[in-house]
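Here is the structure we will look at, set down as structure tokens.
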Amino acid sequence: MSDALTVVMTGNEAAATAARLARVQVIAAYPITPQSPVVETLSKWVEDGELEAEMVRVESEHSALTVCIAAASVGARVFTATSANGLAYMNEQIWWAAGARVPVVMACANRAMAAPWNVLNDQQDSMSVRDAGWIQLYCKDNQEILDTTLQAFRLAESLHLPVLVCYDGFLLSHTVMPVEIPSEAAVDELLPRGQPLQVLDPLDPRNVGPVTLADPRPDPGGVLCHGYMELRALHHRALASALTAIPEVDNAFGRVLGRTFGGLSYGHLLEDAEVVLVAAGSLSLELGAVAESLRGEGIRAGVLGLRAYRPFPRDEVRTALRRRQLCLVFDKAMSYGHEGPICSDVRGALGGVPGAPVVYGAVAGLGGRDVTPGQLADTVRRAVADVRAGVRDRPEEWVNLRL
Amino acid sequence: MGTRDCGHEISMSTPSPGEAGDTGDWRTARPTLRADLCLAVRQNDLACQLCWVYCPDVCVARGIPPTMDLRYCKGCGICAEVCPVDALRMVPEGSPSEGEP
């Protein structure tokens with residue numbers, strides 16, 4: 001874009017910049033590290049008159065999301081941001097936003113869940129709400145945060161689904177890198193206002209989200225209306241349709257902005273890879289460098305980075321992983337008592353697929369634990385040795401654990 | 001045959017009587033009125049009407065005496081609580097009523 005401007009900025013500034021470019025009308029948020037600079041930046045722009053939006057200061061994250069839901073219900077474009085315990089505090093309204101199908105866009109600067117208290121990065125927070133029915137997108141650099149947040153508004157308003165834009169706390173939220181800011185005209189063209197499923201209007205009142213029990217029931221006009229389960233099926237179908245919409249929107253933005261991010265997922269050195277390393281977020285970028293270095297010692301490694309985690313790109317995962325020798329999934333979260341959540345989903349996607357690789361899991365970076373390329377390479381080397389020795393399954397490796 | 005003809009993507013309704021179904025079948029006790037005690041009846045005027053004021057489900061109609069729509073009354077008992085002369089009492093469903101509501 002000729003009018004685009006490249007600025008060195010943090011991931012948080014990239015998220016805030018996207019919200020400003022999207023001309024959000026209502027922002028409601030409660031501060032929490034490492035997200036706080038997102039809404040501090042937006043708050044300043046609102047105060048300075050650079051952004052014509054209402055900044056609603058609330059007493060908790062539960063109220064922050066509630067305000068966003070209410071504002072979206074009267075047709076406003078809304079934005080909020082949170083992390084970790086703030087996201088957990090929103091939990092009830094996370095489900096409400098999804099079930100009411102309101103197009104809330106929320107940034108999540110990924111942070112570890114307490115206890116014990118910790119403000120540093122992992123992805124346990126967003127993974128803990130993966131089943132609530134939001135689209136979840138993970139970003140690997142700051143340009144992707146800006147562009148994905150913009151794309152999120154288009155996805156949210158066209159599919160009537162809330163979108164969580166996830167990026168690693170501190171590793172991206174507080175790290176600066178060059179980011180190209182699209183022109184306002186380009187963004188205006190890419191983000192026409194969507195039409196909500198229902199706009200609350202006192203002149204034409206509706207009950208939105210009233211009691212909906214098990215069985216379908218005729219409305220007072222005699223029309224058979226959905227029961228709870230029919231609504232859930234429709235919600236699930238809407239999320240499934242995002243598997244098509246996410247790459248479409250990525251490509252539509254690419255035609256205007258000149259860059260895309262792979263749609264649902266992206267590969268690095270995948271073509272001839274025998275060993276595929278899977279991760280979401282900035283870790284997938286680091287694994288690219290690891291794969292490159294491992295190739296120098298005869299391990300044909302490649303990376304499959306997940307951009308969309310919900311909906312889960314099952315077909316892409318199957319296609320990318322079949323006929324490989326080993327798939328090593330790196331999770332920055334755990335389903336305690338089982339395994340890493342991405343690892344579970346990859347295993348599920350590969351169930352019954354001919355030529356499916358051996359799948360091992362690895363857990364890395366919990367609570368901000370450093371993850372160096374050297375440690376990741378060692379983890380891959382051990383996994384390759386095990387798979388060559390015929391090990392089909394093994395417990396996940398905890399990278400750089402010093403227990 | 002199914003619910004898709006309603007055209008909704010979300011749970012949504014237009015405010016109207018019974019939009020939540022026949023909620024009267026949730027009731028375990030029904031309000032029963034002894035009309036001879038009711039202030040409106042005794043004064044032959046639209047007096048009191050507190051049951052109408054307080055009913056959270058808009059099941060009470062103003063009148064002499066007030067009348068109740070048992071198709072939607074959930075049996076919460078607020079009308080009996082607020083009745084200043086004990087003309088309204090909650091009677092367990094299935095037991096003989098003391099009077100007609």
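Quick note on naming: the chains in the structure tokens go A, B, ... in the order shown, residues restart at 1 in each chain, and ligands are numbered from 1 in order of appearance.
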
Could you work out which residues of chain B fall inside 12 Å of chain A? Count only C-alpha atoms, and format the result as number ranges by chain. B: 1-23

Save the residues we just selected, C-alpha atoms, as an mmCIF file, in the first residue's frame?
data_model
loop_
_atom_site.group_PDB
_atom_site.id
_atom_site.type_symbol
_atom_site.label_atom_id
_atom_site.label_comp_id
_atom_site.auth_asym_id
_atom_site.auth_seq_id
_atom_site.Cartn_x
_atom_site.Cartn_y
_atom_site.Cartn_z
ATOM 1 C CA MET B 1 -39.815 -31.169 9.779
ATOM 2 C CA GLY B 2 -37.678 -29.279 12.245
ATOM 3 C CA THR B 3 -36.950 -25.946 13.780
ATOM 4 C CA ARG B 4 -35.002 -24.453 10.889
ATOM 5 C CA ASP B 5 -38.107 -22.782 9.446
ATOM 6 C CA CYS B 6 -38.131 -20.304 12.315
ATOM 7 C CA GLY B 7 -35.107 -18.702 10.665
ATOM 8 C CA HIS B 8 -33.380 -17.798 13.930
ATOM 9 C CA GLU B 9 -29.658 -18.231 14.487
ATOM 10 C CA ILE B 10 -29.918 -17.281 18.152
ATOM 11 C CA SER B 11 -32.410 -17.691 20.953
ATOM 12 C CA MET B 12 -34.667 -14.711 20.416
ATOM 13 C CA SER B 13 -38.325 -13.895 20.898
ATOM 14 C CA THR B 14 -40.753 -11.030 20.711
ATOM 15 C CA PRO B 15 -42.163 -10.050 24.106
ATOM 16 C CA SER B 16 -45.649 -11.560 24.303
ATOM 17 C CA PRO B 17 -47.765 -13.634 26.673
ATOM 18 C CA GLY B 18 -46.339 -17.102 27.070
ATOM 19 C CA GLU B 19 -43.102 -16.497 25.143
ATOM 20 C CA ALA B 20 -41.389 -18.820 27.625
ATOM 21 C CA GLY B 21 -44.052 -21.524 27.232
ATOM 22 C CA ASP B 22 -46.776 -22.702 29.564
ATOM 23 C CA THR B 23 -44.833 -21.949 32.702
#

Write down as a list in words the residues of chain B whose backbone DSSP state falls under strand (DSSP E). Met12, Ser13, Ala29, Arg30, Pro31, Thr32, Leu33, Val60, Ala61, Thr67, Met68, Leu88, Arg89, Met90, Val91 and Pro92 of chain B

Filtering to N, CA and C atoms, could you give me those residues as a compact mmCIF listing (two decimals), in the first residue's frame?
# COMPACT_ATOMS: atom_id res chain seq x y z
N MET B 12 -34.14 -16.07 20.52
CA MET B 12 -34.67 -14.71 20.42
C MET B 12 -36.17 -14.80 20.33
N SER B 13 -36.87 -13.88 20.99
CA SER B 13 -38.32 -13.90 20.90
C SER B 13 -38.85 -12.48 21.00
N ALA B 29 -47.37 -25.01 43.93
CA ALA B 29 -48.46 -24.51 44.79
C ALA B 29 -49.14 -23.38 44.03
N ARG B 30 -50.49 -23.30 44.16
CA ARG B 30 -51.20 -22.27 43.41
C ARG B 30 -51.83 -21.25 44.36
N PRO B 31 -51.84 -20.00 43.89
CA PRO B 31 -52.48 -18.97 44.72
C PRO B 31 -53.99 -19.15 44.69
N THR B 32 -54.59 -19.15 45.85
CA THR B 32 -56.06 -19.26 45.91
C THR B 32 -56.59 -18.08 46.71
N LEU B 33 -57.69 -17.55 46.22
CA LEU B 33 -58.22 -16.31 46.79
C LEU B 33 -59.51 -16.56 47.55
N VAL B 60 -51.28 -11.58 37.11
CA VAL B 60 -52.45 -11.07 37.83
C VAL B 60 -53.05 -9.92 37.03
N ALA B 61 -54.36 -9.98 36.85
CA ALA B 61 -55.07 -8.88 36.19
C ALA B 61 -55.80 -8.07 37.26
N THR B 67 -57.74 -11.20 39.17
CA THR B 67 -57.78 -12.58 38.67
C THR B 67 -56.39 -13.03 38.25
N MET B 68 -56.18 -14.35 38.27
CA MET B 68 -54.85 -14.91 38.00
C MET B 68 -54.88 -15.84 36.82
N LEU B 88 -55.09 -14.16 49.98
CA LEU B 88 -54.42 -15.07 49.05
C LEU B 88 -53.57 -16.05 49.86
N ARG B 89 -53.75 -17.33 49.56
CA ARG B 89 -52.92 -18.34 50.21
C ARG B 89 -52.41 -19.30 49.16
N MET B 90 -51.22 -19.86 49.41
CA MET B 90 -50.66 -20.82 48.48
C MET B 90 -51.10 -22.21 48.91
N VAL B 91 -51.72 -22.93 47.99
CA VAL B 91 -52.23 -24.27 48.27
C VAL B 91 -51.46 -25.26 47.41
N PRO B 92 -50.88 -26.29 48.02
CA PRO B 92 -50.13 -27.26 47.21
C PRO B 92 -50.98 -27.82 46.08

Enter the distance from CA of Asp147 in chain A to CA of Pro373 in chain A, in Å, rounded to one decimal.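 Distance between the two atoms: 27.0 Å.
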
Which of these residues is nearest to Cys48 in chain B, using only C-alpha atoms: B:Glu93, B:Arg27, B:Val82, B:Gly75?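 Of B:Glu93, B:Arg27, B:Val82, B:Gly75, the one nearest Cys48 in chain B, counting only C-alpha atoms, is B:Val82.
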
A:Lys332, A:Arg402, A:Arg394, A:Arg300: which is nearest Arg381 in chain A, counting only C-alpha atoms?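 Of the candidates, the smallest distance to Arg381 in chain A is held by A:Arg300.
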
Residue nearest Gly355 in chain A - candidates A:Leu203, A:Leu321, A:Ile94, A:Leu146, atoms counted: only C-alpha atoms: A:Leu321

A:Val105, A:Val56, A:Val67, A:Leu164 ranked by distance to Thr80 in chain A, top pick (using only C-alpha atoms): A:Val105

Among range 3-72 of chain B, which ones does DSSP place in alpha helix (DSSP H), written as a count of residues only? 10

Need to verify the contact set: Asp57 in chain B, 9 Å, only C-alpha atoms, exclusion of same-chain residues closer than 4 positions in sequence. Can you return it as a ChimeraX atom specification? /B:72-74
